[in-house]
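Source file: query_10.cif (mmCIF, C-alpha atoms)
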data_final
#
loop_
_atom_site.label_atom_id
_atom_site.label_comp_id
_atom_site.auth_asym_id
_atom_site.auth_seq_id
_atom_site.Cartn_x
_atom_site.Cartn_y
_atom_site.Cartn_z
CA MET B 1 0.00 0.00 0.00
CA VAL B 2 1.22 3.49 -0.91
CA LYS B 3 -0.34 6.43 0.93
CA SER B 4 -1.21 9.78 -0.65
CA TRP B 5 -0.94 12.86 1.53
CA ALA B 6 -1.83 16.43 0.66
CA PHE B 7 0.93 18.96 1.20
CA ASP B 8 0.55 22.74 1.16
CA ILE B 9 3.21 25.43 1.39
CA PHE B 10 0.48 27.99 0.67
CA ASN B 11 2.05 30.58 -1.66
CA TYR B 12 0.70 34.11 -1.94
CA PRO B 13 0.01 34.18 -5.70
CA TYR B 14 -0.46 37.93 -6.23
CA ASP B 15 1.82 40.97 -6.32
CA THR B 16 4.67 40.02 -3.98
CA ARG B 17 5.75 43.56 -3.05
CA PRO B 18 5.05 44.01 0.70
CA GLU B 19 3.25 47.30 0.13
CA LYS B 20 0.87 45.53 -2.27
CA PHE B 21 -0.25 42.85 0.19
CA ASP B 22 -4.05 42.49 -0.03
CA PRO B 23 -5.78 41.33 3.20
CA THR B 24 -9.04 40.58 1.37
CA ALA B 25 -7.27 38.31 -1.10
CA ALA B 26 -5.36 36.64 1.74
CA GLN B 27 -8.62 35.94 3.58
CA GLU B 28 -10.00 34.25 0.47
CA LEU B 29 -6.85 32.13 0.23
CA TYR B 30 -7.12 30.96 3.84
CA ASP B 31 -10.79 30.10 3.40
CA TRP B 32 -10.50 28.01 0.24
CA HIS B 33 -7.28 26.28 1.28
CA LEU B 34 -8.96 25.19 4.51
CA GLU B 35 -11.92 23.96 2.47
CA SER B 36 -9.58 21.94 0.25
CA TRP B 37 -8.00 20.20 3.23
CA VAL B 38 -11.39 19.26 4.68
CA LYS B 39 -12.39 17.82 1.30
CA ALA B 40 -9.15 15.81 1.25
CA GLU B 41 -10.49 13.67 4.07
CA GLU B 42 -13.63 12.89 2.08
CA GLN B 43 -11.51 12.11 -1.00
CA GLY B 44 -9.36 9.49 0.72
CA TYR B 45 -6.09 11.30 1.35
CA GLU B 46 -4.13 9.91 4.29
CA GLY B 47 -3.44 13.31 5.77
CA VAL B 48 -2.40 16.93 5.23
CA LEU B 49 0.99 18.41 6.03
CA PHE B 50 1.97 22.08 6.19
CA SER B 51 5.23 23.99 6.08
CA GLU B 52 7.00 26.73 8.02
CA HIS B 53 8.61 29.65 6.18
CA HIS B 54 8.95 33.33 6.96
CA PHE B 55 9.22 36.82 5.47
CA THR B 56 8.25 36.23 1.80
CA ALA B 57 5.25 35.43 -0.37
CA TYR B 58 6.57 31.88 -0.76
CA ASN B 59 4.50 30.99 2.30
CA ILE B 60 1.84 32.85 4.29
CA THR B 61 1.60 30.30 7.12
CA PRO B 62 4.53 31.23 9.40
CA SER B 63 2.86 29.46 12.35
CA PRO B 64 1.53 26.24 10.78
CA ASN B 65 0.57 24.62 14.10
CA LEU B 66 -2.43 26.97 14.01
CA LEU B 67 -3.55 25.29 10.78
CA VAL B 68 -3.29 21.88 12.46
CA ALA B 69 -5.44 23.06 15.37
CA ALA B 70 -8.04 24.56 13.03
CA LEU B 71 -8.20 21.53 10.74
CA ALA B 72 -8.40 19.10 13.65
CA GLN B 73 -11.76 20.55 14.64
CA ARG B 74 -13.17 20.06 11.13
CA THR B 75 -12.07 16.45 10.47
CA THR B 76 -12.20 13.06 12.16
CA THR B 77 -9.81 10.64 10.40
CA LEU B 78 -7.32 12.81 8.53
CA ARG B 79 -3.79 12.78 9.92
CA MET B 80 -2.01 16.11 9.98
CA GLY B 81 1.13 17.94 10.98
CA VAL B 82 3.92 20.26 9.92
CA MET B 83 6.70 19.27 7.52
CA GLY B 84 8.55 20.59 9.27
CA SER B 85 9.00 22.84 12.28
CA ILE B 86 12.35 24.64 11.91
CA LEU B 87 13.98 23.99 15.27
CA PRO B 88 16.62 26.75 15.24
CA PHE B 89 13.76 29.29 15.25
CA HIS B 90 12.18 27.81 18.39
CA ASN B 91 12.72 26.74 21.97
CA PRO B 92 12.53 22.91 21.74
CA ARG B 93 10.73 22.68 25.07
CA ARG B 94 7.93 24.76 23.53
CA VAL B 95 7.97 22.59 20.39
CA ALA B 96 7.55 19.47 22.56
CA GLU B 97 4.70 21.04 24.53
CA GLU B 98 2.79 22.33 21.51
CA ALA B 99 3.11 19.00 19.71
CA ALA B 100 1.76 17.21 22.76
CA MET B 101 -1.23 19.58 22.91
CA LEU B 102 -1.91 19.08 19.20
CA ASP B 103 -1.81 15.32 19.68
CA TYR B 104 -4.81 15.68 21.98
CA LEU B 105 -6.60 18.24 19.82
CA THR B 106 -6.29 15.82 16.88
CA HIS B 107 -7.24 12.79 19.03
CA GLY B 108 -3.94 11.11 18.22
CA ARG B 109 -3.80 12.03 14.54
CA LEU B 110 -0.66 14.17 14.76
CA GLU B 111 2.43 13.68 12.60
CA VAL B 112 5.52 15.65 13.66
CA GLY B 113 8.01 16.94 11.11
CA LEU B 114 11.28 18.50 12.28
CA GLY B 115 13.95 20.30 10.30
CA ARG B 116 17.14 22.32 10.63
CA GLY B 117 16.18 24.89 8.01
CA VAL B 118 18.08 25.99 4.93
CA ASP B 119 16.61 29.32 3.80
CA GLU B 120 19.49 31.80 4.08
CA GLN B 121 17.39 34.97 4.14
CA GLU B 122 15.30 33.69 7.07
CA PHE B 123 18.35 33.07 9.24
CA ALA B 124 19.87 36.40 8.19
CA LYS B 125 16.78 38.34 9.25
CA GLU B 126 16.69 36.51 12.59
CA LYS B 127 20.44 37.13 13.06
CA ILE B 128 21.05 33.40 13.53
CA ARG B 129 24.43 32.03 12.48
CA MET B 130 23.81 29.14 10.11
CA GLU B 131 27.08 27.58 11.24
CA ASP B 132 25.45 26.99 14.65
CA THR B 133 22.21 25.44 13.44
CA ARG B 134 23.26 21.80 13.30
CA GLU B 135 24.42 21.72 16.92
CA TYR B 136 21.26 23.56 17.99
CA PHE B 137 19.14 21.16 15.93
CA LEU B 138 20.69 18.01 17.39
CA GLU B 139 20.46 19.30 20.95
CA SER B 140 16.82 20.24 20.34
CA LEU B 141 16.02 16.72 19.12
CA ASP B 142 17.54 15.25 22.28
CA LEU B 143 15.57 17.60 24.51
CA ILE B 144 12.26 16.96 22.72
CA GLU B 145 12.71 13.20 23.00
CA LYS B 146 13.50 13.47 26.72
CA ALA B 147 10.47 15.67 27.35
CA TRP B 148 8.09 13.37 25.48
CA ARG B 149 9.32 10.05 26.83
CA ASN B 150 9.94 10.71 30.53
CA PRO B 151 7.81 11.83 33.50
CA THR B 152 10.62 14.28 34.30
CA PHE B 153 13.86 15.06 32.51
CA THR B 154 17.18 16.76 33.11
CA HIS B 155 19.12 18.32 30.26
CA HIS B 156 22.37 20.29 30.14
CA GLY B 157 23.73 21.25 26.75
CA ARG B 158 25.26 24.21 24.97
CA PHE B 159 21.96 26.00 24.46
CA PHE B 160 19.53 24.69 27.11
CA HIS B 161 19.57 23.73 30.78
CA TYR B 162 16.73 22.01 32.65
CA ASP B 163 16.72 20.16 35.97
CA ASP B 164 14.02 17.70 37.06
CA THR B 165 11.51 19.18 34.61
CA ALA B 166 8.18 17.85 33.36
CA ILE B 167 5.95 18.95 30.50
CA TYR B 168 2.17 18.79 30.70
CA PRO B 169 0.74 17.10 28.79
CA ARG B 170 2.99 14.45 27.31
CA PRO B 171 1.76 13.12 23.93
CA LEU B 172 -1.30 10.92 23.55
CA GLN B 173 0.46 8.62 21.05
CA GLU B 174 2.98 6.42 22.85
CA PRO B 175 5.87 6.63 23.09
CA THR B 176 5.71 9.62 20.69
CA PRO B 177 3.82 10.74 17.58
CA PRO B 178 5.44 9.64 14.30
CA VAL B 179 8.43 11.88 13.59
CA TRP B 180 9.39 12.86 10.05
CA MET B 181 12.56 14.58 8.99
CA LEU B 182 12.95 16.54 5.76
CA SER B 183 16.21 14.84 4.87
CA LEU B 184 18.25 15.93 1.87
CA SER B 185 21.91 15.81 2.95
CA PRO B 186 23.57 12.43 3.64
CA SER B 187 24.41 13.33 7.24
CA THR B 188 20.78 14.17 8.06
CA LEU B 189 19.55 11.02 6.31
CA GLN B 190 21.91 8.88 8.37
CA MET B 191 20.90 10.59 11.59
CA ALA B 192 17.19 10.14 10.83
CA GLY B 193 17.69 6.44 10.17
CA GLN B 194 19.72 5.93 13.34
CA ARG B 195 17.08 7.63 15.49
CA GLY B 196 14.14 5.70 14.04
CA TYR B 197 12.57 8.72 12.37
CA LYS B 198 10.91 8.71 8.98
CA ALA B 199 12.63 10.49 6.09
CA THR B 200 11.18 12.58 3.31
CA SER B 201 12.78 14.14 0.26
CA ALA B 202 11.80 17.06 -1.99
CA PHE B 203 12.82 18.69 -5.27
CA MET B 204 15.27 15.91 -6.21
CA PRO B 205 15.10 13.70 -9.33
CA VAL B 206 14.28 10.03 -8.94
CA GLY B 207 17.89 8.82 -9.19
CA PRO B 208 19.35 11.01 -6.42
CA THR B 209 16.24 10.39 -4.31
CA ALA B 210 16.79 6.63 -4.57
CA GLU B 211 20.42 7.10 -3.47
CA ALA B 212 19.26 9.23 -0.53
CA PHE B 213 16.76 6.61 0.58
CA ASP B 214 19.44 3.92 0.31
CA THR B 215 21.61 5.98 2.67
CA PHE B 216 18.71 6.29 5.11
CA ARG B 217 17.81 2.60 4.95
CA ALA B 218 21.38 1.45 5.48
CA ALA B 219 21.73 3.64 8.59
CA ALA B 220 18.35 2.52 9.95
CA HIS B 221 19.11 -1.15 9.30
CA GLU B 222 22.48 -0.93 11.03
CA ALA B 223 20.86 0.77 14.04
CA GLY B 224 18.08 -1.82 14.27
CA GLN B 225 15.43 0.71 13.27
CA PRO B 226 12.54 0.26 10.79
CA PHE B 227 13.47 0.86 7.15
CA GLY B 228 10.51 -0.38 5.06
CA PRO B 229 8.53 1.60 2.46
CA ASP B 230 6.38 3.34 5.08
CA GLN B 231 9.51 4.94 6.59
CA VAL B 232 10.14 7.14 3.56
CA GLY B 233 8.14 9.74 1.67
CA VAL B 234 8.68 12.02 -1.30
CA LEU B 235 7.21 15.48 -1.93
CA ARG B 236 6.11 16.31 -5.48
CA PRO B 237 4.40 19.40 -6.90
CA THR B 238 1.44 17.82 -8.69
CA PHE B 239 -1.14 19.11 -11.11
CA VAL B 240 -3.82 16.91 -12.68
CA ALA B 241 -6.15 18.08 -15.43
CA GLU B 242 -8.43 16.37 -17.92
CA THR B 243 -5.62 15.99 -20.51
CA ASP B 244 -1.83 16.27 -20.62
CA GLU B 245 -2.17 19.36 -22.81
CA GLU B 246 -4.49 21.12 -20.39
CA ALA B 247 -2.25 20.25 -17.46
CA ARG B 248 0.70 21.88 -19.18
CA ARG B 249 -1.22 24.95 -20.34
CA ILE B 250 -2.41 25.70 -16.80
CA GLY B 251 0.39 24.19 -14.75
CA GLU B 252 3.50 25.53 -16.49
CA PRO B 253 3.01 29.24 -15.68
CA ALA B 254 1.95 28.32 -12.13
CA LEU B 255 5.12 26.29 -11.70
CA ASN B 256 7.28 29.11 -13.07
CA HIS B 257 5.71 31.45 -10.51
CA LEU B 258 6.38 28.94 -7.73
CA PHE B 259 10.06 28.55 -8.57
CA GLY B 260 10.45 32.31 -8.82
CA LEU B 261 9.22 32.54 -5.23
CA PHE B 262 11.39 29.59 -4.24
CA LYS B 263 14.57 31.18 -5.61
CA GLU B 264 13.88 34.37 -3.69
CA ALA B 265 13.00 32.60 -0.44
CA ALA B 266 15.39 29.67 -0.27
CA VAL B 267 18.38 29.70 -2.62
CA PHE B 268 21.73 30.89 -1.25
CA GLU B 269 22.96 34.19 -2.64
CA ASP B 270 26.45 32.80 -3.23
CA LEU B 271 26.43 29.08 -3.96
CA ASP B 272 30.23 28.99 -4.12
CA ASN B 273 30.47 30.12 -0.49
CA VAL B 274 27.73 28.50 1.55
CA PRO B 275 27.88 28.41 5.37
CA GLU B 276 29.74 25.61 7.09
CA GLY B 277 27.46 22.61 7.47
CA TYR B 278 25.45 23.43 4.34
CA GLU B 279 27.96 22.29 1.72
CA PHE B 280 25.47 19.82 0.23
CA TYR B 281 23.23 22.67 -0.87
CA SER B 282 25.88 24.25 -3.08
CA SER B 283 25.08 21.57 -5.66
CA PHE B 284 21.44 21.00 -4.66
CA PHE B 285 20.41 24.60 -5.40
CA ARG B 286 22.55 24.99 -8.53
CA PRO B 287 19.74 24.12 -11.02
CA PHE B 288 17.56 26.89 -9.58
CA VAL B 289 19.95 29.78 -10.23
CA GLY B 290 20.23 31.86 -13.40
CA ASP B 291 17.76 33.83 -15.44
CA ASP B 292 16.27 30.94 -17.40
CA GLU B 293 13.00 29.41 -16.26
CA ILE B 294 13.35 25.82 -15.17
CA SER B 295 12.26 23.48 -17.95
CA TRP B 296 8.84 21.90 -17.55
CA ASP B 297 9.92 18.93 -19.68
CA GLY B 298 13.14 18.52 -17.72
CA LEU B 299 11.39 18.53 -14.36
CA ARG B 300 8.74 16.10 -15.56
CA ASP B 301 11.26 13.72 -17.11
CA ALA B 302 13.35 13.80 -13.91
CA GLY B 303 10.27 13.03 -11.82
CA VAL B 304 10.52 16.25 -9.80
CA ILE B 305 6.94 17.15 -10.75
CA LEU B 306 3.90 14.94 -11.39
CA VAL B 307 1.75 16.48 -14.11
CA GLY B 308 -0.76 15.48 -16.77
CA SER B 309 -4.03 13.64 -17.14
CA PRO B 310 -5.22 11.34 -14.34
CA GLU B 311 -3.90 8.32 -16.23
CA SER B 312 -0.52 9.94 -16.88
CA VAL B 313 -0.06 10.98 -13.27
CA ARG B 314 -1.12 7.55 -12.06
CA GLU B 315 1.59 5.94 -14.15
CA GLN B 316 4.20 8.49 -13.04
CA VAL B 317 3.47 7.90 -9.35
CA ILE B 318 3.40 4.12 -9.66
CA GLU B 319 6.71 4.17 -11.52
CA GLN B 320 8.32 6.33 -8.85
CA ALA B 321 6.85 4.32 -5.98
CA LYS B 322 8.41 1.16 -7.39
CA ALA B 323 11.75 2.79 -8.24
CA LEU B 324 12.04 4.35 -4.79
CA ASN B 325 10.30 1.61 -2.79
CA CYS B 326 8.47 4.56 -1.29
CA GLY B 327 5.28 4.17 0.73
CA ASN B 328 4.27 7.84 1.03
CA PHE B 329 3.72 10.56 -1.57
CA PHE B 330 3.19 14.14 -0.41
CA ILE B 331 1.13 15.72 -3.16
CA TRP B 332 1.48 19.48 -3.45
CA HIS B 333 -1.65 20.35 -5.44
CA SER B 334 -1.80 24.08 -4.79
CA PHE B 335 1.24 25.99 -5.96
CA GLY B 336 2.08 29.23 -7.69
CA THR B 337 -0.87 30.89 -9.41
CA LEU B 338 -3.27 27.93 -9.52
CA THR B 339 -6.82 29.05 -8.73
CA LYS B 340 -9.27 27.51 -6.30
CA GLU B 341 -11.15 25.77 -9.10
CA GLN B 342 -8.00 24.40 -10.73
CA THR B 343 -6.66 23.17 -7.40
CA PHE B 344 -9.92 21.53 -6.33
CA ARG B 345 -10.18 19.73 -9.67
CA SER B 346 -6.61 18.46 -9.36
CA TYR B 347 -7.36 17.09 -5.88
CA GLU B 348 -10.50 15.42 -7.22
CA LEU B 349 -8.96 13.83 -10.32
CA TYR B 350 -6.01 12.50 -8.33
CA ALA B 351 -8.33 11.05 -5.70
CA GLU B 352 -10.53 9.33 -8.28
CA THR B 353 -7.76 7.72 -10.34
CA VAL B 354 -4.46 7.63 -8.46
CA ILE B 355 -5.31 6.95 -4.81
CA PRO B 356 -7.16 3.66 -5.48
CA ALA B 357 -4.30 2.37 -7.65
CA LEU B 358 -1.70 3.20 -5.01
CA ARG B 359 -3.70 1.47 -2.30
CA GLU B 360 -3.43 -1.75 -4.29
CA LEU B 361 0.31 -1.41 -4.90
CA ASP B 362 2.55 -3.82 -2.99
CA LEU B 363 6.14 -2.76 -2.34
CA GLU B 364 9.22 -4.60 -1.06
CA THR B 365 9.21 -4.53 2.73
CA THR B 366 12.51 -6.09 3.72
CA ALA B 367 15.44 -5.46 1.38
CA VAL B 368 17.89 -2.72 2.34
CA GLY B 369 18.39 -0.39 -0.58
CA ALA B 370 15.56 -1.96 -2.58
#
Could you spell out this file's structure in structure tokens?
Amino acid sequence: MVKSWAFDIFNYPYDTRPEKFDPTAAQELYDWHLESWVKAEEQGYEGVLFSEHHFTAYNITPSPNLLVAALAQRTTTLRMGVMGSILPFHNPRRVAEEAAMLDYLTHGRLEVGLGRGVDEQEFAKEKIRMEDTREYFLESLDLIEKAWRNPTFTHHGRFFHYDDTAIYPRPLQEPTPPVWMLSLSPSTLQMAGQRGYKATSAFMPVGPTAEAFDTFRAAAHEAGQPFGPDQVGVLRPTFVAETDEEARRIGEPALNHLFGLFKEAAVFEDLDNVPEGYEFYSSFFRPFVGDDEISWDGLRDAGVILVGSPESVREQVIEQAKALNCGNFFIWHSFGTLTKEQTFRSYELYAETVIPALRELDLETTAVGA
């Protein structure tokens, strides 16, 4: 079985100049996005995951836990969470407490995603040294695990000090909610596997994604942790229309808008001199720089996007699921300039044709690196 999740970074699709921000348009966006996530439960999606970004039109949900709390009250079976909370922006004790609260508000439907963060402009505006983020991230993971798993905990590290401390409440799901890690670099993939977390990848072609998952599985296997298909997931911008031609006509300009926002929000200004600890991203971000728009055909052929008619997208997803031995697909239906109607139809067509086929798909459950 392969699960389909909805994913939403929630771009602001209008004039991106701060002085042109339109509250009325933003209210409409919040309303119809929330409606789309509620419909996702009815359509058979496994869950909905949100994202944390700051300061640009790339994302207008800087506090995505609020979306989880709102959606929890409107659904009954849908799993939900944030992919992921950027730990260097937060006190990990507060992250542990809020996740525990959300586990109760969702009646045990919470998924937790945690990340170190990579968007240079966000760290610059917060005056956070990117060279310090990995140590902060790892210490935060240790503290969160202690807080969730123990009646009381003591912690003394570089950044945080607690003695004989308890959090109320601890999570409903025992011992913890499922933990996902947005894992792109080999070191993070290995760490996720060793800790028993789940790993997800984004914006990488099928070949490099398969290599990344092999790295994760090998580390998990060596550490005695789970490493089957349900332990990995891949995020794909996805647009489904009645025909391949219609999908391209509508989806291509929306995708170009998305990657324009992405370059502004996320890509390092100088890829030849990235901060220590982020060397992997010098090559990862390279295809996104330059004045040329990223090729629709190139992205589709590499498997970075899933686009076309329902039948075409079904075949693309099945092919990737088998190649990656991947049990979870995070489907980003709403991106760039796609309208409410276009997005809703994409959700619907995917649900009708792709979700049933993936539910019937059996993947290898034992082989390392399969």
Requested in this report: Taking the file above as input, evaluate the PyMOL selection byres ((chain B and resi 232-240) around 8) and report the hits as a PyMOL selection string.
Outcome: chain B and resi 7+198-203+213+227-231+241-242+247+251+304-310+313+326-333+335+343+345-347+349-350
Report task. Could you please determine the separation between atom CA of Ile60 of chain B and atom CA of Phe10 of chain B in Å, to one decimal place? Result ->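 Separating atom CA of Ile60 of chain B from atom CA of Phe10 of chain B is a distance of 6.2 Å.
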Report task. Take the PyMOL selection byres ((chain B and resi 115) around 8), apply it to the structure above, and return the hits as a list in words. Result ->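 The output of the PyMOL selection byres ((chain B and resi 115) around 8) on this file is Met83, Gly84, Ser85, Ile86, Leu87, Gly113, Leu114, Arg116, Gly117, Phe137, Met181 and Leu182 of chain B.
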**Report entry** Hits of the PyMOL selection byres ((chain B and resi 169) around 8) in this structure, as a count of residues only
**Finding:** 7
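Closest approach to Asp272 of chain B from the set B:His90, B:Arg286, B:Arg129, B:Arg249 is made by B:Arg286, with distances taken over only C-alpha atoms.
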Query raised in the report: Pick from B:Lys322, B:Arg74, B:Arg314, B:Arg17: nearest to Ile355 of chain B, with all atoms listed in the file counted?
Result: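 Of B:Lys322, B:Arg74, B:Arg314, B:Arg17, the one nearest Ile355 of chain B is B:Arg314, counting all atoms listed in the file.
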Requested in this report: Tell me which of B:Leu110, B:Gly157, B:Gln342, B:Leu184 sits closest to Phe280 of chain B, counting only C-alpha atoms.
Outcome: B:Leu184
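Minimum distance to Arg195 of chain B across B:Glu120, B:Glu52, B:Glu111, B:Asp142 (counting all atoms listed in the file) occurs at B:Asp142.
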Query - Atom-to-atom span, atom CA of Gly108 of chain B and atom CA of Asn65 of chain B, Å - result: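 For atom CA of Gly108 of chain B relative to atom CA of Asn65 of chain B, the distance reads 14.8 Å.
Each of B:Lys340, B:Thr77, B:Pro208, B:Val2 was compared to Glu319 of chain B using all atoms listed in the file, and B:Val2 turns out to be the nearest.
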I want to know what sits within 8 Å of Leu49 of chain B, based on only C-alpha atoms, with residues of the same chain fewer than 6 positions away left out; could you give that as an mmCIF file with C-alpha atoms, keeping the file's coordinate frame?
data_model
loop_
_atom_site.group_PDB
_atom_site.id
_atom_site.type_symbol
_atom_site.label_atom_id
_atom_site.label_comp_id
_atom_site.auth_asym_id
_atom_site.auth_seq_id
_atom_site.Cartn_x
_atom_site.Cartn_y
_atom_site.Cartn_z
ATOM 1 C CA TRP B 5 -0.940 12.860 1.530
ATOM 2 C CA ALA B 6 -1.830 16.430 0.660
ATOM 3 C CA PHE B 7 0.930 18.960 1.200
ATOM 4 C CA ASP B 8 0.550 22.740 1.160
ATOM 5 C CA MET B 80 -2.010 16.110 9.980
ATOM 6 C CA GLY B 81 1.130 17.940 10.980
ATOM 7 C CA VAL B 82 3.920 20.260 9.920
ATOM 8 C CA MET B 83 6.700 19.270 7.520
#
Report task. For Lys125 of chain B, please output as a PyMOL selection string all residues within 10 Å (counting only C-alpha atoms; exclusion window: fewer than 3 positions along the same chain). Result -> chain B and resi 54-55+120-122+128
Query raised in the report: How many Å lie between atom CA of Gly207 of chain B and atom CA of Leu338 of chain B, rounded to one decimal?
Result: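 Interatomic distance here is 28.5 Å.
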Query raised in the report: Which one of B:Arg217, B:Arg248, B:Arg134, B:His161 sits closest to Tyr278 of chain B if you count all atoms listed in the file?
Result: B:Arg134
Query raised in the report: Leaving out Leu102 of chain B and any residue of its chain fewer than 3 positions from it, which residues lie within 8 Å of it when counting only C-alpha atoms, given as number ranges by chain?
Result: B: 65, 68-69, 98-99, 105-106, 110
Report task. List the residues sitting within 12 Å of (-13.4, 25.4, 0.2) in the file's frame, using all atoms listed in the file, as a list in words. Result ->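 Using all atoms listed in the file, the matching residues come out as Glu28, Leu29, Tyr30, Asp31, Trp32, His33, Leu34, Glu35, Ser36, Trp37, Val38, Lys39, Ala40, Thr339, Lys340, Glu341, Thr343, Phe344, Arg345 and Tyr347 of chain B.
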What box, with edges along x, y and z, holds each listed atom of segment 214-232 of chain B when 5 Å is added on every side, and can you state its centre and edge lengths in Å to one decimal, as JSON?
{"center_x": 14.4, "center_y": 2.7, "center_z": 7.3, "size_x": 26.1, "size_y": 19.0, "size_z": 24.0}
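Residues in contact with Glu352 of chain B at 8 Å, where only C-alpha atoms are counted and same-chain residues fewer than 4 positions away are skipped, are listed as Gln43, Glu348 and Pro356 of chain B.
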How would segment 243-249 of chain B look with all heavy atoms restored, written as a compact mmCIF listing (two decimals), keeping the file's coordinate frame?
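In the end it all went to part.txt:
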# COMPACT_ATOMS: atom_id res chain seq x y z
N THR B 243 -6.55 16.50 -19.50
CA THR B 243 -5.62 15.99 -20.51
C THR B 243 -4.21 16.47 -20.17
O THR B 243 -4.01 17.41 -19.40
CB THR B 243 -5.98 16.49 -21.92
OG1 THR B 243 -5.80 17.92 -21.95
CG2 THR B 243 -7.43 16.15 -22.27
N ASP B 244 -3.21 15.83 -20.79
CA ASP B 244 -1.83 16.27 -20.62
C ASP B 244 -1.65 17.70 -21.10
O ASP B 244 -0.92 18.50 -20.50
CB ASP B 244 -0.89 15.34 -21.40
CG ASP B 244 -0.78 13.95 -20.79
OD1 ASP B 244 -1.23 13.76 -19.63
OD2 ASP B 244 -0.25 13.05 -21.47
N GLU B 245 -2.31 18.03 -22.22
CA GLU B 245 -2.17 19.36 -22.81
C GLU B 245 -2.74 20.43 -21.88
O GLU B 245 -2.14 21.50 -21.69
CB GLU B 245 -2.86 19.40 -24.17
CG GLU B 245 -2.23 18.52 -25.24
CD GLU B 245 -2.51 17.03 -25.05
OE1 GLU B 245 -3.49 16.70 -24.33
OE2 GLU B 245 -1.77 16.20 -25.61
N GLU B 246 -3.88 20.16 -21.30
CA GLU B 246 -4.49 21.12 -20.39
C GLU B 246 -3.63 21.28 -19.13
O GLU B 246 -3.48 22.40 -18.62
CB GLU B 246 -5.90 20.70 -20.01
CG GLU B 246 -6.62 21.70 -19.11
CD GLU B 246 -7.99 21.23 -18.67
OE1 GLU B 246 -8.34 20.06 -18.94
OE2 GLU B 246 -8.69 22.03 -18.04
N ALA B 247 -3.09 20.18 -18.65
CA ALA B 247 -2.25 20.25 -17.46
C ALA B 247 -1.03 21.14 -17.71
O ALA B 247 -0.64 21.93 -16.85
CB ALA B 247 -1.80 18.84 -17.05
N ARG B 248 -0.46 21.05 -18.89
CA ARG B 248 0.70 21.88 -19.18
C ARG B 248 0.30 23.34 -19.38
O ARG B 248 0.98 24.25 -18.88
CB ARG B 248 1.43 21.38 -20.43
CG ARG B 248 2.62 22.25 -20.78
CD ARG B 248 3.57 21.58 -21.74
NE ARG B 248 4.82 22.33 -21.81
CZ ARG B 248 5.95 21.84 -22.28
NH1 ARG B 248 6.02 20.59 -22.69
NH2 ARG B 248 7.04 22.59 -22.33
N ARG B 249 -0.79 23.58 -20.08
CA ARG B 249 -1.22 24.95 -20.34
C ARG B 249 -1.47 25.70 -19.05
O ARG B 249 -1.11 26.88 -18.91
CB ARG B 249 -2.48 24.94 -21.20
CG ARG B 249 -3.06 26.33 -21.49
CD ARG B 249 -4.29 26.24 -22.37
NE ARG B 249 -5.36 25.43 -21.78
CZ ARG B 249 -6.22 25.89 -20.88
NH1 ARG B 249 -6.13 27.14 -20.42
NH2 ARG B 249 -7.18 25.10 -20.42
